[in-house]
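Take a look at the structure set out below.
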Amino acid sequence: MEDTHWEEFVGQGMGIRIALHRIADMADQGQRQAYEDALRRIDESGARIVWNDRADVDALVVLVTHGNSARQIVAAVAGVDCPAIIWAVRGRWAWPSSSLAIGKLEEEGKSVTLVYGEPAEEDVVEVFQKALRSAYAVRELARSRIGTIGGVYPNLVSCAYDRERIRWRFGVEIADIPFATVRKEMEAIREDEVAAFILRTRALHTVNADLPGRYQAGIRLHLALKRIARQHDLEAFAVECWSRLPRAMTW
């Protein structure tokens with residue numbers, strides 16, 4: 001008897017939300033034990049059960065305990081838009097079926113990772129937990145906006161990127177921030193804001209020297225970037241700082 005029951009988990013600590021799809025014969029004692037051991041390992045990773053929220057998860061975990069299951073694996077992953085982790089338990093031909101399924105899913109552009117081994121094997125659990133963290137990072141990226149100030153420095157040819165491909169692959173939105181905007185915000189920073197930042201810094205850290213004009217320009221840049229981040233709802237910046245930014249710091 002095949003069991004393809006859905007159970008959902010929410011991470012505590014890492015905050016990872018996962019859905020578990022089991023492909024197992026629960027009448028078989030060995031497969032039932034592998035399933036229960038996997039549940040314990042998932043719980044140890046910080047996952048907890050939640051219900052009625054399958055559409056918003058960070059990862060799908062497909063636990064496979066036997067062979068002749070490639071079609072079931074593909075069908076399970078096809079129904080979600082999050083990264084999938086295929087955990088093939090050792091023995092009973094689970095690995096060949098999982099490999100066949102992953103080949104098909106990769107051809108369809110799905111993000112899938114194969115974990116192979118028993119829940120009792122610490123190195124296997126380590127690989128599984130790493131895959132969970134990676135899936136969580138991918139899902140968090142899909143909710144993010146990154147601001148770019150300036151372009152890619154001409155000599156950094158390996159750093160070129162395609163923003164449309166990034167949006168398609170990860171869901172990340174990239175916002176262009178002109179240097180003129182940075183300059184405008186730097187000029188709008190008041191002297192008392194700079195002084196307050198210096199006081200907060202001295203309260204937290206040992207500062208062995210006065211802060212001359214160049215350092216104060218850096219503080220203005222820091223405060224201006226924080227203001228821009230709030231205005232554009234940004235999680236991060238990428239700044240071309242080798243050529244134009246040093247000149248901007250002299251404004």
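Chain identifiers are assigned as A, B, and so on, following the order in which chains appear in the structure tokens; residues are numbered from 1 within each chain, and ligands are numbered from 1 in order of appearance.
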DSSP alpha helix (DSSP H) selection over segment 51-234 of chain A, as a PyMOL selection string = chain A and resi 70-78+94-107+122-141+163-170+179-188+191-204+213-232
Could you build a table of the residues in segment 50-79 of chain A lying no more than 8 Å from segment 85-101 of chain A, giving for each the nearest pair of atoms and their separation in Å rounded to one decimal place, using only C-alpha atoms, ordered by chain and ascending residue number, as JSON lines?
```
{"residue": "A:Ala59", "atom": "CA", "partner": "A:Ile85", "partner_atom": "CA", "distance": 7.2}
{"residue": "A:Leu60", "atom": "CA", "partner": "A:Ile85", "partner_atom": "CA", "distance": 6.1}
{"residue": "A:Val61", "atom": "CA", "partner": "A:Ile85", "partner_atom": "CA", "distance": 4.8}
{"residue": "A:Val62", "atom": "CA", "partner": "A:Ile86", "partner_atom": "CA", "distance": 4.9}
{"residue": "A:Leu63", "atom": "CA", "partner": "A:Trp87", "partner_atom": "CA", "distance": 4.9}
{"residue": "A:Val64", "atom": "CA", "partner": "A:Ala88", "partner_atom": "CA", "distance": 4.8}
{"residue": "A:Thr65", "atom": "CA", "partner": "A:Val89", "partner_atom": "CA", "distance": 5.2}
{"residue": "A:His66", "atom": "CA", "partner": "A:Ala94", "partner_atom": "CA", "distance": 4.3}
{"residue": "A:Gly67", "atom": "CA", "partner": "A:Trp93", "partner_atom": "CA", "distance": 4.3}
{"residue": "A:Asn68", "atom": "CA", "partner": "A:Ser97", "partner_atom": "CA", "distance": 6.0}
{"residue": "A:Ser69", "atom": "CA", "partner": "A:Ser97", "partner_atom": "CA", "distance": 5.7}
{"residue": "A:Ala70", "atom": "CA", "partner": "A:Ser97", "partner_atom": "CA", "distance": 4.7}
{"residue": "A:Arg71", "atom": "CA", "partner": "A:Ala101", "partner_atom": "CA", "distance": 7.0}
{"residue": "A:Ile73", "atom": "CA", "partner": "A:Ala101", "partner_atom": "CA", "distance": 6.3}
{"residue": "A:Val74", "atom": "CA", "partner": "A:Ala101", "partner_atom": "CA", "distance": 5.7}
```
ask   = Tell me, which residues of segment 111-243 of chain A carry DSSP strand (DSSP E or B), written as a PyMOL selection string?
value = chain A and resi 112-116+145-149+173-177+236-239
Among the residues A:Cys159, A:His205, A:Met186, A:Ala238, the one that comes closest to Gly218 of chain A [using only C-alpha atoms] = A:Met186
Pairwise distance for atom CA of Arg169 of chain A and atom CA of Ile23 of chain A, rounded to one decimal in Å = 28.3 Å
12 Å contact set for Leu156 of chain A, only C-alpha atoms, chain neighbours under 5 positions out, as a PyMOL selection string = chain A and resi 151+161+240+242
How about saving the chosen residues, C-alpha atoms kept, as a PDB file, in the first residue's frame?
```
ATOM      1  CA  GLY A 151      27.538  49.744 -12.827  1.00  0.00           C
ATOM      2  CA  TYR A 161      24.865  39.761 -14.570  1.00  0.00           C
ATOM      3  CA  GLU A 240      30.615  50.293  -7.660  1.00  0.00           C
ATOM      4  CA  TRP A 242      36.433  51.561  -7.176  1.00  0.00           C
TER       5      TRP A 242
END
```
Can you check which parts of segment 138-185 of chain A lie within 10 Å of segment 223-226 of chain A? Per residue, the shortest pair of atoms and distance in Å to one decimal, counting only C-alpha atoms, sorted by chain and number, as CSV.
```
residue,atom,partner,partner_atom,distance
A:Gly147,CA,A:Leu225,CA,9.8
A:Thr181,CA,A:Ala224,CA,9.3
A:Val182,CA,A:Ala224,CA,6.6
A:Arg183,CA,A:Ala224,CA,8.4
A:Lys184,CA,A:Ala224,CA,8.6
A:Glu185,CA,A:Ala224,CA,5.2
```
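You will find atom CA of Pro119 of chain A at 16.4 Å from atom CA of Met26 of chain A.
Remark: for Arg230 of chain A, the closest of the candidate residues A:Ala84, A:Ala34, A:Val77, A:Ile146 is A:Ile146 (distances computed over only C-alpha atoms).
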query = Which one of A:Arg41, A:Arg22, A:Arg190, A:Arg167 sits closest to Val138 of chain A if you count only C-alpha atoms?
reply = A:Arg167
